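Q: mmCIF, C-alpha atoms and all ligand atoms, saved as target29.cif, coming up:
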data_work
loop_
_atom_site.label_atom_id
_atom_site.label_comp_id
_atom_site.auth_asym_id
_atom_site.auth_seq_id
_atom_site.Cartn_x
_atom_site.Cartn_y
_atom_site.Cartn_z
CA MET A 1 -9.06 41.44 -12.56
CA ILE A 2 -7.29 38.08 -12.63
CA ASN A 3 -8.83 34.66 -12.37
CA ILE A 4 -6.58 31.95 -10.95
CA ILE A 5 -7.55 28.43 -11.93
CA GLY A 6 -6.49 25.62 -9.57
CA LEU A 7 -6.15 26.47 -5.88
CA GLY A 8 -3.61 23.89 -4.76
CA TYR A 9 -0.05 24.19 -3.51
CA ILE A 10 0.87 26.75 -6.18
CA GLY A 11 -2.38 28.45 -7.24
CA LEU A 12 -3.53 29.33 -3.75
CA PRO A 13 -0.38 31.04 -2.42
CA THR A 14 -0.04 32.86 -5.74
CA ALA A 15 -3.66 34.06 -5.59
CA LEU A 16 -3.18 35.26 -2.00
CA MET A 17 0.00 37.06 -2.92
CA PHE A 18 -1.64 38.96 -5.78
CA ALA A 19 -4.68 39.79 -3.65
CA THR A 20 -2.53 41.24 -0.88
CA HIS A 21 -0.56 43.37 -3.35
CA GLY A 22 -3.29 45.43 -4.88
CA VAL A 23 -4.56 43.05 -7.57
CA LYS A 24 -8.23 42.08 -7.76
CA VAL A 25 -8.34 38.27 -7.69
CA VAL A 26 -10.94 35.52 -8.00
CA GLY A 27 -9.74 31.97 -7.34
CA THR A 28 -11.51 29.14 -9.14
CA ASP A 29 -11.32 25.42 -8.44
CA CYS A 30 -13.57 22.58 -9.59
CA ASN A 31 -13.43 21.01 -6.10
CA GLU A 32 -16.54 22.29 -4.33
CA ARG A 33 -15.38 21.09 -0.90
CA LEU A 34 -12.12 22.97 -1.27
CA ILE A 35 -13.98 26.17 -2.14
CA GLN A 36 -16.23 25.76 0.91
CA GLN A 37 -13.18 25.17 3.10
CA LEU A 38 -11.37 28.23 1.74
CA ASN A 39 -14.42 30.41 2.16
CA ALA A 40 -14.62 29.22 5.76
CA GLY A 41 -10.99 30.31 6.23
CA HIS A 42 -9.38 26.84 6.22
CA ILE A 43 -6.38 25.72 4.21
CA SER A 44 -5.92 22.04 3.53
CA PHE A 45 -2.12 22.04 3.70
CA LYS A 46 0.37 23.47 6.19
CA GLU A 47 2.68 26.24 5.09
CA GLU A 48 4.42 28.93 7.10
CA GLY A 49 2.59 32.27 6.91
CA ILE A 50 -0.22 31.12 4.67
CA ILE A 51 -3.11 31.49 7.13
CA ASP A 52 -2.17 35.11 7.83
CA LEU A 53 -1.97 35.71 4.10
CA LEU A 54 -5.47 34.24 3.66
CA ASP A 55 -6.85 36.58 6.36
CA SER A 56 -5.28 39.59 4.67
CA ALA A 57 -6.47 38.47 1.22
CA PHE A 58 -10.07 38.27 2.51
CA LYS A 59 -9.74 41.82 3.76
CA GLU A 60 -8.64 42.83 0.26
CA GLY A 61 -11.73 41.17 -1.21
CA ILE A 62 -10.43 37.89 -2.68
CA ARG A 63 -13.21 35.49 -3.69
CA PHE A 64 -13.17 31.72 -4.17
CA THR A 65 -15.65 29.95 -6.43
CA THR A 66 -16.12 26.95 -8.69
CA GLU A 67 -17.11 29.25 -11.57
CA TYR A 68 -14.73 30.60 -14.19
CA GLN A 69 -14.81 34.41 -14.38
CA LYS A 70 -14.59 37.02 -17.09
CA ALA A 71 -11.11 38.44 -16.56
CA ASP A 72 -8.23 40.21 -18.33
CA VAL A 73 -5.68 37.70 -17.14
CA TYR A 74 -6.06 34.01 -16.29
CA ILE A 75 -3.44 32.03 -14.40
CA ILE A 76 -3.64 28.26 -14.72
CA ALA A 77 -2.05 26.29 -11.87
CA VAL A 78 -3.62 22.85 -12.25
CA PRO A 79 -1.74 19.55 -11.88
CA THR A 80 0.19 18.04 -14.78
CA PRO A 81 0.61 14.36 -14.03
CA TYR A 82 2.53 12.04 -16.31
CA ASP A 83 1.46 8.78 -17.81
CA LYS A 84 3.30 6.11 -15.80
CA LYS A 85 3.78 3.90 -18.86
CA SER A 86 4.72 6.29 -21.67
CA LYS A 87 6.41 8.75 -19.24
CA LYS A 88 4.79 11.55 -21.21
CA ILE A 89 2.92 14.48 -19.75
CA ASP A 90 -0.83 14.17 -19.34
CA PRO A 91 -2.18 17.61 -20.26
CA THR A 92 -5.84 16.76 -19.59
CA TYR A 93 -6.29 19.19 -16.68
CA ILE A 94 -4.65 22.11 -18.48
CA ILE A 95 -6.69 21.49 -21.61
CA GLY A 96 -9.89 21.28 -19.55
CA ALA A 97 -9.09 24.56 -17.81
CA LEU A 98 -8.23 26.24 -21.10
CA GLU A 99 -11.44 25.08 -22.76
CA SER A 100 -13.47 26.50 -19.89
CA ILE A 101 -11.55 29.78 -20.10
CA MET A 102 -12.08 30.00 -23.86
CA SER A 103 -15.83 29.65 -23.43
CA ILE A 104 -15.99 32.73 -21.24
CA CYS A 105 -12.94 34.99 -21.67
CA PRO A 106 -13.19 38.40 -23.33
CA LYS A 107 -11.20 39.37 -26.41
CA GLY A 108 -7.67 40.46 -25.49
CA ALA A 109 -7.33 38.12 -22.49
CA ILE A 110 -3.90 36.78 -21.53
CA ILE A 111 -3.73 33.18 -20.36
CA VAL A 112 -0.73 32.40 -18.17
CA ILE A 113 0.21 28.78 -17.61
CA GLU A 114 2.11 28.28 -14.34
CA SER A 115 1.79 24.48 -14.26
CA THR A 116 4.96 22.65 -15.24
CA VAL A 117 4.76 21.29 -18.78
CA SER A 118 7.24 19.39 -20.92
CA PRO A 119 8.95 21.27 -23.75
CA GLY A 120 6.60 21.53 -26.71
CA THR A 121 3.38 20.97 -24.74
CA ILE A 122 2.10 24.46 -25.43
CA ASP A 123 2.66 24.03 -29.19
CA ARG A 124 1.18 20.55 -29.27
CA PHE A 125 -1.81 20.83 -26.94
CA ILE A 126 -2.49 24.42 -25.91
CA ARG A 127 -2.31 26.42 -29.13
CA PRO A 128 -4.72 24.05 -30.91
CA VAL A 129 -7.37 24.62 -28.21
CA VAL A 130 -7.23 28.37 -28.81
CA GLY A 131 -7.11 27.69 -32.56
CA LYS A 132 -10.46 25.90 -32.38
CA SER A 133 -12.12 28.81 -30.58
CA ARG A 134 -13.75 31.94 -31.98
CA TYR A 135 -10.60 33.93 -31.21
CA LYS A 136 -7.31 34.25 -33.06
CA LEU A 137 -4.18 33.41 -31.08
CA GLY A 138 -1.71 36.27 -30.88
CA VAL A 139 -4.38 38.78 -31.87
CA ASP A 140 -7.39 38.24 -29.61
CA ILE A 141 -5.86 35.86 -27.08
CA HIS A 142 -2.30 35.62 -25.78
CA ILE A 143 -0.56 32.73 -24.11
CA VAL A 144 2.23 33.00 -21.56
CA HIS A 145 4.22 30.35 -19.75
CA ALA A 146 5.38 31.50 -16.31
CA PRO A 147 6.43 28.31 -14.51
CA GLU A 148 6.39 28.42 -10.73
CA ARG A 149 9.58 27.88 -8.76
CA ILE A 150 8.60 27.89 -5.10
CA ILE A 151 9.56 25.19 -2.65
CA PRO A 152 7.07 23.72 -0.17
CA GLY A 153 8.11 24.75 3.32
CA ASN A 154 9.30 28.20 2.22
CA MET A 155 6.66 29.19 -0.30
CA VAL A 156 5.68 32.64 0.89
CA HIS A 157 9.26 33.85 1.14
CA GLU A 158 10.22 32.31 -2.22
CA LEU A 159 7.20 33.83 -3.99
CA ILE A 160 8.55 37.23 -3.08
CA PHE A 161 12.27 36.75 -3.52
CA ASN A 162 12.82 34.09 -6.22
CA SER A 163 13.64 35.07 -9.74
CA ARG A 164 10.94 34.14 -12.28
CA THR A 165 10.73 33.28 -15.97
CA ILE A 166 8.10 34.66 -18.33
CA GLY A 167 7.82 32.99 -21.73
CA ALA A 168 5.62 34.72 -24.32
CA ASP A 169 5.18 35.12 -28.08
CA GLU A 170 4.94 38.91 -27.98
CA LEU A 171 7.16 41.25 -25.99
CA PHE A 172 4.35 43.61 -24.99
CA VAL A 173 2.42 40.69 -23.47
CA ALA A 174 5.51 39.50 -21.59
CA GLU A 175 6.06 43.02 -20.27
CA ARG A 176 2.47 43.25 -19.09
CA ILE A 177 2.68 39.99 -17.20
CA LYS A 178 6.08 40.94 -15.80
CA LEU A 179 4.53 44.12 -14.43
CA LEU A 180 1.70 42.10 -12.90
CA TYR A 181 4.09 39.69 -11.10
CA SER A 182 6.25 42.62 -9.99
CA SER A 183 3.35 43.63 -7.76
CA PHE A 184 4.77 41.15 -5.21
CA CYS A 185 7.90 39.59 -6.78
CA LYS A 186 11.14 41.30 -5.84
CA GLY A 187 13.34 38.80 -7.72
CA GLU A 188 14.59 39.28 -11.27
CA ILE A 189 11.91 38.53 -13.87
CA VAL A 190 13.46 37.16 -17.06
CA ILE A 191 11.59 37.38 -20.36
CA THR A 192 12.03 34.68 -22.99
CA ASP A 193 10.03 32.64 -25.49
CA ILE A 194 7.55 29.95 -24.48
CA ARG A 195 9.61 26.89 -25.47
CA THR A 196 12.65 28.13 -23.58
CA ALA A 197 10.52 28.75 -20.50
CA GLU A 198 9.07 25.22 -20.73
CA MET A 199 12.49 23.63 -21.09
CA THR A 200 14.12 25.75 -18.39
CA LYS A 201 11.60 24.65 -15.78
CA VAL A 202 12.06 20.95 -16.50
CA VAL A 203 15.83 21.41 -16.61
CA GLU A 204 15.86 23.01 -13.14
CA ASN A 205 14.18 20.04 -11.52
CA THR A 206 16.17 17.54 -13.58
CA TYR A 207 19.40 19.22 -12.47
CA ARG A 208 18.38 18.69 -8.85
CA ASP A 209 17.42 15.07 -9.52
CA VAL A 210 20.78 14.34 -11.17
CA ASN A 211 22.72 16.04 -8.37
CA ILE A 212 20.82 14.07 -5.68
CA ALA A 213 21.38 10.86 -7.67
CA PHE A 214 25.12 11.61 -7.69
CA ALA A 215 25.04 11.98 -3.90
CA ASN A 216 23.00 8.77 -3.56
CA GLU A 217 25.41 6.84 -5.78
CA LEU A 218 28.31 8.14 -3.71
CA ALA A 219 26.49 6.92 -0.59
CA LYS A 220 26.29 3.43 -2.08
CA ILE A 221 29.97 3.48 -3.12
CA CYS A 222 31.06 4.71 0.31
CA ARG A 223 28.90 2.14 2.09
CA SER A 224 30.42 -0.68 0.03
CA ASP A 225 33.90 0.31 1.22
CA ASN A 226 33.14 1.64 4.67
CA MET A 227 33.75 5.33 3.99
CA ASP A 228 31.79 8.26 5.44
CA VAL A 229 29.87 9.82 2.54
CA TYR A 230 28.79 12.84 4.57
CA GLU A 231 32.36 13.71 5.55
CA ILE A 232 33.49 13.27 1.94
CA ILE A 233 30.71 15.52 0.60
CA ARG A 234 31.33 18.08 3.33
CA ILE A 235 35.00 18.34 2.41
CA ALA A 236 34.43 18.19 -1.38
CA ASN A 237 31.91 21.03 -1.11
CA LYS A 238 34.63 23.30 0.23
CA HIS A 239 35.96 23.40 -3.33
CA PRO A 240 34.64 26.67 -4.80
CA ARG A 241 33.11 24.92 -7.83
CA VAL A 242 31.66 21.83 -6.15
CA SER A 243 28.20 21.72 -4.60
CA ILE A 244 27.00 18.17 -4.00
CA MET A 245 23.56 17.70 -2.46
CA SER A 246 22.66 15.30 0.33
CA PRO A 247 22.08 11.59 -0.11
CA GLY A 248 18.84 10.26 1.34
CA PRO A 249 16.26 7.47 1.24
CA GLY A 250 14.97 8.53 -2.18
CA VAL A 251 13.40 11.45 -3.97
CA GLY A 252 9.75 12.28 -3.50
CA GLY A 253 7.31 15.11 -4.11
CA HIS A 254 5.32 16.09 -7.10
CA CYS A 255 8.13 17.64 -9.14
CA ILE A 256 11.63 16.26 -8.97
CA PRO A 257 10.76 12.56 -9.47
CA VAL A 258 8.29 13.56 -12.22
CA ASP A 259 9.81 16.26 -14.46
CA PRO A 260 12.87 14.28 -15.64
CA TRP A 261 10.49 11.66 -17.01
CA PHE A 262 9.12 14.28 -19.39
CA LEU A 263 12.55 14.43 -21.03
CA VAL A 264 12.87 10.63 -20.98
CA GLY A 265 9.44 10.29 -22.59
CA ASP A 266 10.12 12.91 -25.28
CA TYR A 267 13.76 12.14 -26.09
CA PRO A 268 14.15 8.40 -25.39
CA SER A 269 17.14 7.96 -27.69
CA LEU A 270 19.05 10.91 -26.22
CA VAL A 271 18.72 10.54 -22.45
CA ASN A 272 21.53 8.74 -20.62
CA VAL A 273 22.55 10.62 -17.50
CA ILE A 274 19.01 11.80 -16.81
CA LEU A 275 17.56 8.29 -17.02
CA ALA A 276 20.38 6.74 -14.99
CA ALA A 277 19.87 9.40 -12.29
CA ARG A 278 16.16 8.66 -12.13
CA ASN A 279 16.89 4.97 -11.71
CA VAL A 280 19.46 5.59 -8.97
CA ASN A 281 17.01 7.73 -7.01
CA ASP A 282 14.22 5.21 -7.50
CA SER A 283 16.50 2.45 -6.20
CA MET A 284 17.12 4.17 -2.86
CA PRO A 285 14.10 2.83 -0.92
CA GLU A 286 15.23 -0.71 -1.77
CA PHE A 287 18.77 0.15 -0.67
CA ILE A 288 17.36 1.42 2.64
CA LEU A 289 15.38 -1.79 3.05
CA GLU A 290 18.50 -3.91 2.52
CA ARG A 291 20.46 -1.80 5.03
CA MET A 292 17.59 -2.05 7.49
CA ILE A 293 17.58 -5.84 7.23
CA ASP A 294 21.38 -5.91 7.75
CA ILE A 295 21.07 -3.74 10.87
CA MET A 296 18.27 -5.97 12.18
CA LYS A 297 20.57 -8.98 11.70
CA ILE A 298 23.51 -7.32 13.49
CA HIS A 299 21.27 -6.70 16.52
CA GLY A 300 19.37 -9.98 16.39
CA ILE A 301 16.05 -8.23 15.68
CA GLU A 302 13.94 -10.85 13.98
CA ASP A 303 10.48 -9.33 14.03
CA VAL A 304 9.82 -6.38 11.73
CA ARG A 305 7.19 -5.24 14.26
CA ARG A 306 10.12 -4.17 16.45
CA VAL A 307 11.15 -1.64 13.79
CA GLY A 308 9.53 1.79 13.33
CA LEU A 309 9.74 4.24 10.46
CA TYR A 310 9.88 7.88 11.51
CA GLY A 311 8.49 10.14 8.78
CA LEU A 312 5.96 9.62 6.02
CA THR A 313 6.17 12.88 4.09
CA TYR A 314 8.42 13.39 1.08
CA LYS A 315 10.69 15.79 2.96
CA GLU A 316 11.15 17.51 6.29
CA ASN A 317 8.66 19.86 7.95
CA VAL A 318 5.90 19.62 5.31
CA ASP A 319 2.71 17.52 5.42
CA ASP A 320 2.87 16.42 1.78
CA THR A 321 3.23 12.64 1.27
CA ARG A 322 3.19 12.55 -2.54
CA GLU A 323 5.66 9.98 -3.95
CA SER A 324 7.35 9.90 -0.54
CA PRO A 325 10.36 7.58 -0.07
CA THR A 326 8.60 6.04 2.96
CA LEU A 327 5.59 5.11 0.85
CA GLN A 328 7.97 3.70 -1.78
CA LEU A 329 9.71 1.68 0.94
CA LEU A 330 6.41 0.34 2.29
CA ASP A 331 5.53 -0.68 -1.25
CA GLN A 332 8.77 -2.64 -1.48
CA MET A 333 8.00 -4.31 1.84
CA GLU A 334 4.56 -5.32 0.69
CA HIS A 335 6.13 -7.00 -2.36
CA ASN A 336 8.25 -8.94 0.12
CA LEU A 337 5.16 -9.70 2.22
CA ALA A 338 6.57 -7.79 5.14
CA SER A 339 4.02 -5.18 6.11
CA CYS A 340 3.00 -4.36 9.71
CA ILE A 341 6.02 -2.14 10.37
CA LYS A 342 5.12 0.82 12.62
CA VAL A 343 5.09 4.28 11.08
CA TYR A 344 4.84 7.72 12.68
CA ASP A 345 4.79 11.21 11.23
CA PRO A 346 3.92 14.30 13.30
CA PHE A 347 2.63 16.11 10.18
CA VAL A 348 0.29 13.41 8.86
CA LYS A 349 -2.93 13.45 10.86
CA GLU A 350 -5.06 11.28 8.59
CA ASN A 351 -4.61 7.52 8.46
CA ILE A 352 -3.13 6.80 5.07
CA ILE A 353 -1.47 3.46 5.76
CA GLU A 354 -1.78 0.50 8.11
CA ASN A 355 0.01 0.67 11.44
CA GLN A 356 0.26 4.43 11.40
CA TYR A 357 0.76 6.00 14.82
CA HIS A 358 -0.20 9.49 15.86
CA GLU A 359 1.62 9.65 19.19
CA PHE A 360 5.39 9.41 19.31
CA ASP A 361 5.26 7.66 22.69
CA THR A 362 3.06 4.79 21.53
CA PHE A 363 5.04 4.54 18.31
CA ILE A 364 8.35 4.15 20.11
CA GLU A 365 7.00 1.63 22.64
CA ASP A 366 8.05 -1.95 21.85
CA ILE A 367 10.47 -1.06 19.09
CA ASP A 368 14.21 -1.57 19.06
CA LEU A 369 15.14 0.05 15.77
CA VAL A 370 13.95 3.48 14.56
CA VAL A 371 14.56 4.27 10.89
CA VAL A 372 14.58 8.04 10.39
CA MET A 373 13.15 8.52 6.90
CA VAL A 374 12.47 12.27 7.23
CA GLY A 375 14.44 14.79 9.27
CA HIS A 376 11.46 16.70 10.73
CA ALA A 377 12.58 19.22 13.35
CA ASN A 378 10.07 17.48 15.66
CA ILE A 379 12.48 14.58 16.25
CA TYR A 380 14.70 16.74 18.47
CA SER A 381 11.89 17.23 20.96
CA HIS A 382 11.87 13.44 21.45
CA ALA A 383 15.64 13.15 21.80
CA GLU A 384 15.51 11.58 25.29
CA LYS A 385 13.27 8.74 24.09
CA LEU A 386 15.83 7.69 21.46
CA LYS A 387 18.64 7.25 23.97
CA ASP A 388 18.14 3.50 24.40
CA LYS A 389 17.21 2.76 20.76
CA ILE A 390 19.14 1.71 17.72
CA VAL A 391 18.64 4.33 15.02
CA PHE A 392 19.18 4.11 11.28
CA ASP A 393 19.32 7.78 10.33
CA THR A 394 18.90 7.96 6.53
CA ARG A 395 18.88 11.77 6.62
CA ASN A 396 21.94 12.35 8.78
CA SER A 397 19.79 14.46 11.06
CA LEU A 398 20.92 13.22 14.50
CA SER A 399 24.31 13.65 16.06
CA ASP A 400 26.47 10.80 17.37
CA GLY A 401 25.40 9.89 20.86
CA ALA A 402 21.75 10.82 20.29
CA ALA A 403 20.89 7.11 20.48
CA LYS A 404 22.36 3.86 21.79
CA LYS A 405 23.77 3.23 18.31
CA ILE A 406 23.36 5.29 15.14
CA TYR A 407 23.76 3.91 11.63
CA ARG A 408 23.92 6.21 8.63
CA LEU A 409 23.68 5.68 4.88
N1 LIG B 501 16.31 15.59 -1.45
C1 LIG B 501 17.43 14.79 -1.20
N2 LIG B 501 18.63 15.40 -1.06
C2 LIG B 501 18.77 16.76 -1.12
C3 LIG B 501 17.63 17.56 -1.37
C4 LIG B 501 16.41 16.94 -1.53
O1 LIG B 501 17.34 13.57 -1.11
O2 LIG B 501 19.90 17.24 -0.98
C5 LIG B 501 14.99 14.97 -1.61
C6 LIG B 501 13.95 15.50 -0.65
O3 LIG B 501 14.00 14.86 0.59
C7 LIG B 501 12.66 15.21 -1.41
C8 LIG B 501 13.06 15.41 -2.86
O4 LIG B 501 14.48 15.34 -2.88
O5 LIG B 501 12.24 13.87 -1.24
C9 LIG B 501 12.60 16.71 -3.48
O6 LIG B 501 12.65 17.76 -2.55
P1 LIG B 501 13.21 19.21 -2.87
O7 LIG B 501 13.19 19.97 -1.60
O8 LIG B 501 14.53 19.11 -3.56
O9 LIG B 501 12.20 19.79 -3.95
P2 LIG B 501 10.59 19.99 -4.05
O10 LIG B 501 10.03 18.86 -4.84
O11 LIG B 501 9.98 20.29 -2.73
O12 LIG B 501 10.52 21.32 -4.95
C10 LIG B 501 11.18 21.38 -6.21
C11 LIG B 501 12.00 22.69 -6.27
N3 LIG B 501 12.89 22.65 -7.42
C12 LIG B 501 14.19 22.91 -7.33
O13 LIG B 501 14.75 23.17 -6.29
C13 LIG B 501 14.99 22.90 -8.61
C14 LIG B 501 11.03 23.88 -6.32
O14 LIG B 501 11.76 25.08 -6.50
C15 LIG B 501 10.05 23.72 -7.47
O15 LIG B 501 9.11 24.76 -7.47
C16 LIG B 501 9.30 22.42 -7.29
O16 LIG B 501 10.23 21.34 -7.27
C17 LIG B 501 8.30 22.27 -8.44
O17 LIG B 501 7.11 22.46 -8.21
O18 LIG B 501 8.74 22.06 -9.58
#
Would it be possible to restate this file's structure as structure tokens?
A:
Amino acid sequence: MINIIGLGYIGLPTALMFATHGVKVVGTDCNERLIQQLNAGHISFKEEGIIDLLDSAFKEGIRFTTEYQKADVYIIAVPTPYDKKSKKIDPTYIIGALESIMSICPKGAIIVIESTVSPGTIDRFIRPVVGKSRYKLGVDIHIVHAPERIIPGNMVHELIFNSRTIGADELFVAERIKLLYSSFCKGEIVITDIRTAEMTKVVENTYRDVNIAFANELAKICRSDNMDVYEIIRIANKHPRVSIMSPGPGVGGHCIPVDPWFLVGDYPSLVNVILAARNVNDSMPEFILERMIDIMKIHGIEDVRRVGLYGLTYKENVDDTRESPTLQLLDQMEHNLASCIKVYDPFVKENIIENQYHEFDTFIEDIDLVVVMVGHANIYSHAEKLKDKIVFDTRNSLSDGAAKKIYRL
């Protein structure tokens, strides 16, 4: 039996996947409301295929509870925020979960940490917790780091087909966990040591951050000299060894704008490119704001109330707003005492900011300029209503002619 701790974006799909592939699973989360919701068959976030998976998992006997269970294997998938000032990881949630596990787990249990951690976290914070317990690490209790790799919007597919990393101290433990994940994972499962697994995960997200920053810097260079960054990237990417990502209004989500800071926090005297990339990506919402003001000037739009932001989530076709570029942009505007801009996102049903609209038609009424912050597929169903608008498309999602006038990055 496995007990999965933390039933959020990663823990829940993983639990459902195990349960529907012949593994007995209990999911545990400290949030009582979440457990009630899950037991009533509701999932608090949108993800393709996840509701069907929940139905099937119930049929296979999955249980959700706030209580930790006696199990052979524990999988920890709790959040790992970072301290905004020191830029270092805050391991409080993992430590809390581990302490609860240690108070109940049987001898021989394997504890798998899926949450992203900075290199060295397991040595510094996790091993000592086991060390303080009645059990001996490596003899009675085993630790594994198996960082998740799935992308919101395509989680179910990626759980099955992505390659995975298993970091462990002992080979037989790694092999056991590999076998467990192979119940549903068809990708290659690579075995390594714990530190390498920690570092690899952070490196993957940092690589993406640096690549996006390169694209964003190119966008700024091209803008300054009136060149088309998208055309340049499109052509450059035809080179067999070049693969530049897309520029955009900034980098959001819980991972890519966070993980590079772990390296900055731990190796302050060694980071150059990584830190510069972070700063470039963080500067994008301000760049968008400046461009927006320029476009308003060109068209004689004086009142910011005649401008609307389309998209509030951190990327297209998900309902997750964590660290989203739109929220970063609104923050910038507040500093400049310019709130009251209209905002609409088809995926965000709750009111999380002022002036948030829930109907595209009322959003688009009385505005002259639409700033596309997220390229949700939903925008195409409103194509006709953009015809007489000025659009600043920061995601390059609309074609020429889709609006009266289209500006790009
Ligand atoms: N973005 C761009 N340009 C691009 C691609 C993305 O500006 O070309 C922006 C997005 O709009 C978004 C941000 O970057 O604001 C991050 O989005 P993402 O789709 O690149 O990544 P996440 O945060 O949804 O998921 C990442 C993934 N990591 C990698 O691709 C290396 C995922 O596999 C990880 O599991 C996840 O982080 C995580 O949890 O670590």
Q: What's around range 364-374 of chain A at 8 Å? Count all atoms listed in the file, leave out sequence neighbours fewer than 6 positions away in its own chain, and write the answer as a CSV table (one decimal) with C-alpha atoms, in the frame of the given file.
A:
chain,number,residue,atom,x,y,z
A,249,PRO,CA,16.3,7.5,1.2
A,292,MET,CA,17.6,-2.0,7.5
A,296,MET,CA,18.3,-6.0,12.2
A,301,ILE,CA,16.0,-8.2,15.7
A,305,ARG,CA,7.2,-5.2,14.3
A,306,ARG,CA,10.1,-4.2,16.4
A,307,VAL,CA,11.2,-1.6,13.8
A,308,GLY,CA,9.5,1.8,13.3
A,309,LEU,CA,9.7,4.2,10.5
A,310,TYR,CA,9.9,7.9,11.5
A,311,GLY,CA,8.5,10.1,8.8
A,312,LEU,CA,6.0,9.6,6.0
A,313,THR,CA,6.2,12.9,4.1
A,314,TYR,CA,8.4,13.4,1.1
A,315,LYS,CA,10.7,15.8,3.0
A,316,GLU,CA,11.2,17.5,6.3
A,325,PRO,CA,10.4,7.6,-0.1
A,326,THR,CA,8.6,6.0,3.0
A,385,LYS,CA,13.3,8.7,24.1
A,389,LYS,CA,17.2,2.8,20.8
A,390,ILE,CA,19.1,1.7,17.7
A,391,VAL,CA,18.6,4.3,15.0
A,392,PHE,CA,19.2,4.1,11.3
A,393,ASP,CA,19.3,7.8,10.3
A,394,THR,CA,18.9,8.0,6.5
A,395,ARG,CA,18.9,11.8,6.6
Q: Quick one: residues within 6 Å of ligand LIG 501 (chain B), with all atoms listed in the file, as a VMD selection string?
A: chain A and resid 148 to 152 204 to 205 208 212 245 to 248 250 to 256 314 to 315
Q: What does the structure give for the distance between CA of Glu60 in chain A and CA of Leu179 in chain A, in Å to one decimal?
A: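 CA of Leu179 in chain A lies at a distance of 19.8 Å from CA of Glu60 in chain A.
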Q: Might you pull out every residue within 12 Å of Gly108 in chain A, with only C-alpha atoms counted and same-chain residues fewer than 5 positions away left off, and present them as a PyMOL selection string?
A: chain A and resi 70-74+102+135-143+173
Q: Can you pull out every residue within 7 Å of range 32-38 of chain A, counting all atoms listed in the file, but drop anything in the same chain fewer than 3 positions away, and send it as a list in words?
A: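 After dropping sequence-adjacent residues, the list is Asp29, Gly41, His42, Ile43, Phe64, Thr65 and Thr66 of chain A.
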Q: Only C-alpha atoms, please: the residues just picked out, written as a PDB file, in the frame of the given file.
A:
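Written out: again-v4.pdb:
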ATOM      1  CA  ASP A  29     -11.320  25.420  -8.440  1.00  0.00           C
ATOM      2  CA  GLY A  41     -10.990  30.310   6.230  1.00  0.00           C
ATOM      3  CA  HIS A  42      -9.380  26.840   6.220  1.00  0.00           C
ATOM      4  CA  ILE A  43      -6.380  25.720   4.210  1.00  0.00           C
ATOM      5  CA  PHE A  64     -13.170  31.720  -4.170  1.00  0.00           C
ATOM      6  CA  THR A  65     -15.650  29.950  -6.430  1.00  0.00           C
ATOM      7  CA  THR A  66     -16.120  26.950  -8.690  1.00  0.00           C
TER       8      THR A  66
END
Q: Residues proximal to (20.8, -0.8, 2.2) were defined as those with any atom within 12 Å of that point in the file's coordinates, counting all atoms listed in the file. Which are they, as a PyMOL selection string?
A: chain A and resi 216-217+219-224+248-250+283-296+329+371+392-394+407-409
Q: Do you have the CA of Ile166 in chain A-CA of Val112 in chain A distance handy?
A: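 Rounded to one decimal, the two atoms are 9.1 Å apart.
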Q: Counting all atoms listed in the file, which of A:Ala383, A:Ala174, A:Met155, A:Ile274 gets nearest to Phe214 in chain A?
A: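 Closest to Phe214 in chain A, using all atoms listed in the file: A:Ile274.
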Q: Between A:Val129, A:Ile191, A:Cys185, A:Ala57, which has the minimum distance to Ala146 in chain A (counting all atoms listed in the file)?
A: A:Ile191
Q: Kindly indicate which residue among A:Val78, A:Val348, A:Ile379, A:Leu12 lies nearest to Asp361 in chain A, using all atoms listed in the file for the distances.
A: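 So, comparing all the options, the nearest one is A:Ile379.
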Q: Between A:Thr116, A:Ser133, A:Ser339, A:Thr165, which has the minimum distance to Asp259 in chain A (counting all atoms listed in the file)?
A: A:Thr116
Q: Using all atoms listed in the file, which residue out of A:Asp55, A:Glu198, A:Asp319, A:Glu188 lies closest to Gly167 in chain A?
A: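 Using all atoms listed in the file, the shortest distance to Gly167 in chain A belongs to A:Glu198.
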Q: Between A:Tyr68, A:Phe184, A:Phe125, A:Trp261, which one has atoms that come closest to Val156 in chain A, using all atoms listed in the file?
A: A:Phe184
Q: How big is the axis-aligned box, and where does its centre sit, when it encloses all atoms of range 286-293 of chain A listed in the file and has 5 Å added on every side, reported in Å to one decimal as lines of an AutoDock Vina configuration file?
A:
center_x = 17.8
center_y = -2.2
center_z = 2.9
size_x = 15.2
size_y = 17.3
size_z = 19.3
